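J.: Input structure: input_32.txt, which contains compact mmCIF, C-alpha atoms.
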# COMPACT_ATOMS: atom_id res chain seq x y z
CA ASP A 625 155.54 108.83 19.85
CA ALA A 626 157.39 105.99 21.57
CA GLY A 627 154.33 104.62 23.33
CA VAL A 628 154.67 102.93 26.71
CA THR A 629 158.18 101.65 27.36
CA GLN A 630 159.35 99.23 30.04
CA SER A 631 162.73 98.12 31.27
CA PRO A 632 164.31 95.71 31.54
CA THR A 633 162.84 93.29 29.01
CA HIS A 634 163.85 90.20 30.96
CA LEU A 635 165.10 89.67 34.48
CA ILE A 636 166.22 86.64 36.47
CA LYS A 637 166.31 86.76 40.26
CA THR A 638 166.54 84.26 43.10
CA ARG A 639 164.09 83.75 45.95
CA GLY A 640 164.32 86.39 48.67
CA GLN A 641 165.85 89.04 46.44
CA GLN A 642 164.31 92.38 45.61
CA VAL A 643 163.54 93.71 42.10
CA THR A 644 162.67 97.07 40.55
CA LEU A 645 160.86 97.38 37.23
CA ARG A 646 160.51 100.66 35.34
CA CYS A 647 157.88 102.18 33.09
CA SER A 648 157.70 105.34 31.00
CA PRO A 649 154.16 106.31 30.00
CA LYS A 650 152.96 107.34 26.58
CA SER A 651 153.46 111.02 25.86
CA GLY A 652 150.65 113.10 27.36
CA HIS A 653 149.61 110.43 29.87
CA ASP A 654 149.67 111.06 33.61
CA THR A 655 148.36 107.80 35.09
CA VAL A 656 150.24 104.51 35.31
CA SER A 657 148.81 101.11 36.20
CA TRP A 658 150.70 97.86 36.81
CA TYR A 659 149.47 94.34 36.08
CA GLN A 660 150.90 90.87 36.71
CA GLN A 661 150.32 88.23 34.02
CA ALA A 662 151.18 84.68 35.02
CA LEU A 663 151.85 82.20 32.22
CA GLY A 664 148.62 81.23 30.47
CA GLN A 665 146.52 83.64 32.55
CA GLY A 666 144.95 87.04 32.10
CA PRO A 667 146.62 90.10 33.63
CA GLN A 668 145.79 90.92 37.25
CA PHE A 669 145.70 94.51 38.49
CA ILE A 670 148.37 95.38 41.05
CA PHE A 671 147.95 99.14 41.56
CA GLN A 672 147.53 102.51 39.85
CA TYR A 673 149.45 105.75 40.35
CA TYR A 674 148.30 109.28 39.66
CA GLU A 675 149.84 112.53 40.90
CA GLU A 676 152.61 110.49 42.52
CA GLU A 677 150.18 108.68 44.81
CA GLU A 678 148.75 105.15 44.81
CA ARG A 679 145.08 105.61 43.92
CA GLN A 680 143.81 102.04 43.59
CA ARG A 681 145.23 98.70 44.66
CA GLY A 682 144.40 95.14 43.74
CA ASN A 683 144.69 92.07 45.92
CA PHE A 684 148.49 91.98 46.21
CA PRO A 685 150.59 91.84 49.40
CA ASP A 686 152.64 94.73 50.74
CA ARG A 687 155.75 93.15 49.22
CA PHE A 688 154.56 94.89 46.05
CA SER A 689 155.12 98.62 46.18
CA GLY A 690 155.48 101.39 43.67
CA HIS A 691 156.40 104.94 42.99
CA GLN A 692 155.53 107.60 40.45
CA PHE A 693 157.93 110.41 39.62
CA PRO A 694 157.13 114.02 38.67
CA ASN A 695 157.67 113.16 34.99
CA TYR A 696 154.91 110.50 35.36
CA SER A 697 157.27 107.55 34.97
CA SER A 698 156.84 104.78 37.49
CA GLU A 699 158.61 101.95 39.27
CA LEU A 700 157.29 98.67 40.60
CA ASN A 701 159.25 97.14 43.49
CA VAL A 702 158.85 93.60 44.72
CA ASN A 703 160.59 92.52 47.95
CA ALA A 704 161.33 89.03 49.26
CA LEU A 705 160.70 87.41 45.90
CA LEU A 706 158.83 84.11 45.77
CA LEU A 707 158.80 81.53 43.00
CA GLY A 708 155.16 82.48 42.40
CA ASP A 709 156.18 86.03 41.49
CA SER A 710 157.52 84.73 38.16
CA ALA A 711 155.35 86.42 35.56
CA LEU A 712 155.12 89.07 32.85
CA TYR A 713 154.69 92.48 34.45
CA LEU A 714 152.76 94.92 32.32
CA CYS A 715 152.61 98.66 32.66
CA ALA A 716 149.70 100.63 31.22
CA SER A 717 149.33 104.39 30.93
CA SER A 718 146.30 106.61 30.44
CA SER A 719 145.28 110.24 30.71
CA THR A 720 142.70 111.86 32.92
CA GLY A 721 141.56 114.61 30.59
CA GLY A 722 138.96 114.76 27.85
CA ALA A 723 135.50 113.35 27.44
CA GLY A 724 134.62 109.70 27.23
CA TYR A 725 136.60 106.73 28.43
CA ASN A 726 140.37 107.18 28.66
CA GLU A 727 141.94 104.05 27.20
CA GLN A 728 144.84 102.31 28.89
CA PHE A 729 147.81 101.72 26.57
CA PHE A 730 150.03 98.77 27.47
CA GLY A 731 153.78 98.36 27.25
CA PRO A 732 155.49 95.16 26.05
CA GLY A 733 156.13 94.00 29.61
CA THR A 734 159.05 92.79 31.72
CA ARG A 735 159.46 89.03 32.02
CA LEU A 736 160.56 88.22 35.59
CA THR A 737 161.84 84.74 36.41
CA VAL A 738 162.43 83.82 40.05
CA LEU A 739 164.65 80.78 40.64
CA GLY B 732 133.81 91.36 43.17
CA ASP B 733 133.92 91.82 39.42
CA SER B 734 134.82 88.83 37.28
CA VAL B 735 135.07 87.82 33.62
CA THR B 736 134.58 84.28 32.32
CA GLN B 737 135.96 83.53 28.93
CA MET B 738 135.59 80.61 26.56
CA GLU B 739 138.52 78.29 27.09
CA GLY B 740 140.86 77.57 24.24
CA PRO B 741 142.84 76.92 22.35
CA VAL B 742 140.75 77.55 19.25
CA THR B 743 142.04 76.43 15.86
CA LEU B 744 140.29 77.54 12.66
CA SER B 745 140.96 77.47 8.96
CA GLU B 746 141.41 80.76 7.13
CA GLU B 747 138.06 82.42 6.21
CA ALA B 748 136.17 80.52 8.93
CA PHE B 749 133.72 82.25 11.28
CA LEU B 750 134.98 83.07 14.77
CA THR B 751 133.08 83.32 18.04
CA ILE B 752 134.76 83.66 21.43
CA ASN B 753 132.30 83.73 24.31
CA CYS B 754 132.64 86.12 27.24
CA THR B 755 130.33 86.65 30.21
CA TYR B 756 130.85 88.95 33.16
CA THR B 757 129.76 89.65 36.72
CA ALA B 758 129.84 93.24 37.91
CA THR B 759 127.83 95.77 39.86
CA GLY B 760 126.56 98.88 38.13
CA TYR B 761 127.30 99.57 34.48
CA PRO B 762 130.82 98.53 33.54
CA SER B 763 132.61 99.18 30.29
CA LEU B 764 133.59 96.07 28.32
CA PHE B 765 136.64 95.44 26.19
CA TRP B 766 138.40 92.94 24.00
CA TYR B 767 142.20 93.09 24.01
CA VAL B 768 144.55 91.15 21.73
CA GLN B 769 148.08 90.00 22.55
CA TYR B 770 150.39 89.00 19.72
CA PRO B 771 153.44 86.85 20.55
CA GLY B 772 156.10 88.83 22.40
CA GLU B 773 154.00 91.97 22.55
CA GLY B 774 151.88 93.82 25.08
CA LEU B 775 148.11 94.06 25.02
CA GLN B 776 146.35 96.09 22.35
CA LEU B 777 142.80 97.32 22.65
CA LEU B 778 140.75 95.69 19.89
CA LEU B 779 137.31 97.14 20.62
CA LYS B 780 135.16 98.45 23.43
CA ALA B 781 131.57 99.20 24.44
CA THR B 782 130.62 101.50 27.28
CA LYS B 783 126.86 100.98 27.60
CA ALA B 784 124.20 98.35 27.05
CA ASP B 785 123.40 97.47 23.41
CA ASP B 786 126.52 99.27 22.15
CA LYS B 787 128.39 97.40 19.43
CA GLY B 788 132.16 97.74 19.37
CA SER B 789 133.91 97.01 16.08
CA ASN B 790 137.41 97.11 14.65
CA LYS B 791 139.36 95.28 11.92
CA GLY B 792 136.31 93.12 11.09
CA PHE B 793 135.80 92.06 14.72
CA GLU B 794 132.52 92.89 16.49
CA ALA B 795 131.07 92.48 19.97
CA THR B 796 127.73 93.65 21.40
CA TYR B 797 127.22 94.63 25.05
CA ARG B 798 124.27 92.48 26.23
CA LYS B 799 123.24 93.50 29.73
CA GLU B 800 120.34 91.05 29.90
CA THR B 801 122.70 88.11 29.40
CA THR B 802 125.81 89.83 30.86
CA SER B 803 127.73 88.89 27.74
CA PHE B 804 130.17 90.44 25.26
CA HIS B 805 130.94 87.74 22.71
CA LEU B 806 133.63 88.43 20.09
CA GLU B 807 132.84 87.58 16.45
CA LYS B 808 134.53 87.84 13.08
CA GLY B 809 133.03 86.66 9.83
CA SER B 810 136.23 85.55 8.09
CA VAL B 811 139.46 85.08 10.04
CA GLN B 812 142.95 85.44 8.58
CA VAL B 813 146.25 83.84 9.53
CA SER B 814 147.33 87.25 10.88
CA ASP B 815 144.51 87.08 13.47
CA SER B 816 146.39 84.33 15.33
CA ALA B 817 146.91 85.70 18.85
CA VAL B 818 145.56 85.52 22.39
CA TYR B 819 142.29 87.37 22.97
CA PHE B 820 141.25 88.73 26.37
CA CYS B 821 137.84 89.94 27.44
CA ALA B 822 137.95 92.62 30.15
CA LEU B 823 135.78 95.03 32.09
CA SER B 824 136.24 98.34 33.85
CA PRO B 825 133.82 99.56 36.50
CA ILE B 826 133.14 102.93 34.84
CA SER B 827 132.09 104.20 31.46
CA SER B 828 133.97 107.48 31.25
CA GLY B 829 136.66 109.59 32.86
CA SER B 830 139.86 108.32 34.37
CA ALA B 831 140.65 104.72 33.57
CA ARG B 832 140.10 102.35 36.46
CA GLN B 833 141.44 98.88 37.03
CA LEU B 834 140.70 96.35 34.34
CA THR B 835 139.49 92.87 35.26
CA PHE B 836 140.53 90.32 32.62
CA GLY B 837 139.38 86.89 31.60
CA SER B 838 141.92 84.09 31.30
CA GLY B 839 142.41 84.54 27.56
CA THR B 840 141.66 82.45 24.47
CA GLN B 841 144.48 81.35 22.17
CA LEU B 842 143.40 81.54 18.52
CA THR B 843 145.37 79.82 15.77
CA VAL B 844 144.31 80.30 12.16
CA LEU B 845 145.67 77.81 9.63
CA PRO B 846 146.18 78.68 5.95
Turn this file's structure into structure tokens for me.
T.:
Amino acid sequence: DAGVTQSPTHLIKTRGQQVTLRCSPKSGHDTVSWYQQALGQGPQFIFQYYEEEERQRGNFPDRFSGHQFPNYSSELNVNALLLGDSALYLCASSSTGGAGYNEQFFGPGTRLTVL
Amino acid sequence: GDSVTQMEGPVTLSEEAFLTINCTYTATGYPSLFWYVQYPGEGLQLLLKATKADDKGSNKGFEATYRKETTSFHLEKGSVQVSDSAVYFCALSPISSGSARQLTFGSGTQLTVLP
């Protein structure tokens, strides 16, 4: 089991550009959540996708958008990049079946630097 | 809204010392509580969890008890090892079972254990 995978590992962009980050969930998982972790801070929830729809959203502007594909993989898109968007972007996957709490498993993240 | 307040670091201990990292939370209802650990260059790993009041989560010698009366979930370990050096995050989720919801994280505590 490969676990949650993310690509690319690192990315450098300039202000105003657009970026797409990708995530493949753990095998058997159908829900993907995205988090932004600024340097020295805890992760902040961006949004969650299930059945190809955005189900929950945190306090992030519309510049942040996403997509989930039929194979449950997901993309995070950020438009009009700002310096403040520089962060580690974490993807987490979980399942909706079974009893009890369904744990979120995190990927290693994509480090985005905006210059 | 929900929030998590975590003991600020960094924390530096000698091997075999006792560890406590304080965590308090603000939430409506009955959230689930978690401790995650982040090793250098890696994503977050779930260390332990508790889904109802007075539950004790434990793993790898770490323990934390869900105290609703004090809204706390302090992390403890009786004897730390050099390999425990990492960043520790306290987090909450607004539900206790079913599909995972957004996690709200504290700001993290950097632990360094010296041999």
J.: Record the distance separating CA of Ser814 in chain B and CA of Ile752 in chain B, expressed in Å with one decimal.
T.: 16.8 Å
J.: For chain B, which residues have at least one atom within 12 Å of chain A, if we go by only C-alpha atoms? Write them as a VMD selection string, please.
T.: chain B and resid 732 to 737 739 to 741 762 to 783 818 to 841
J.: Of the residues B:Thr759, B:Gln812, B:Thr801, B:Asn790, which is the one nearest to Glu746 in chain B, using all atoms listed in the file?
T.: B:Gln812
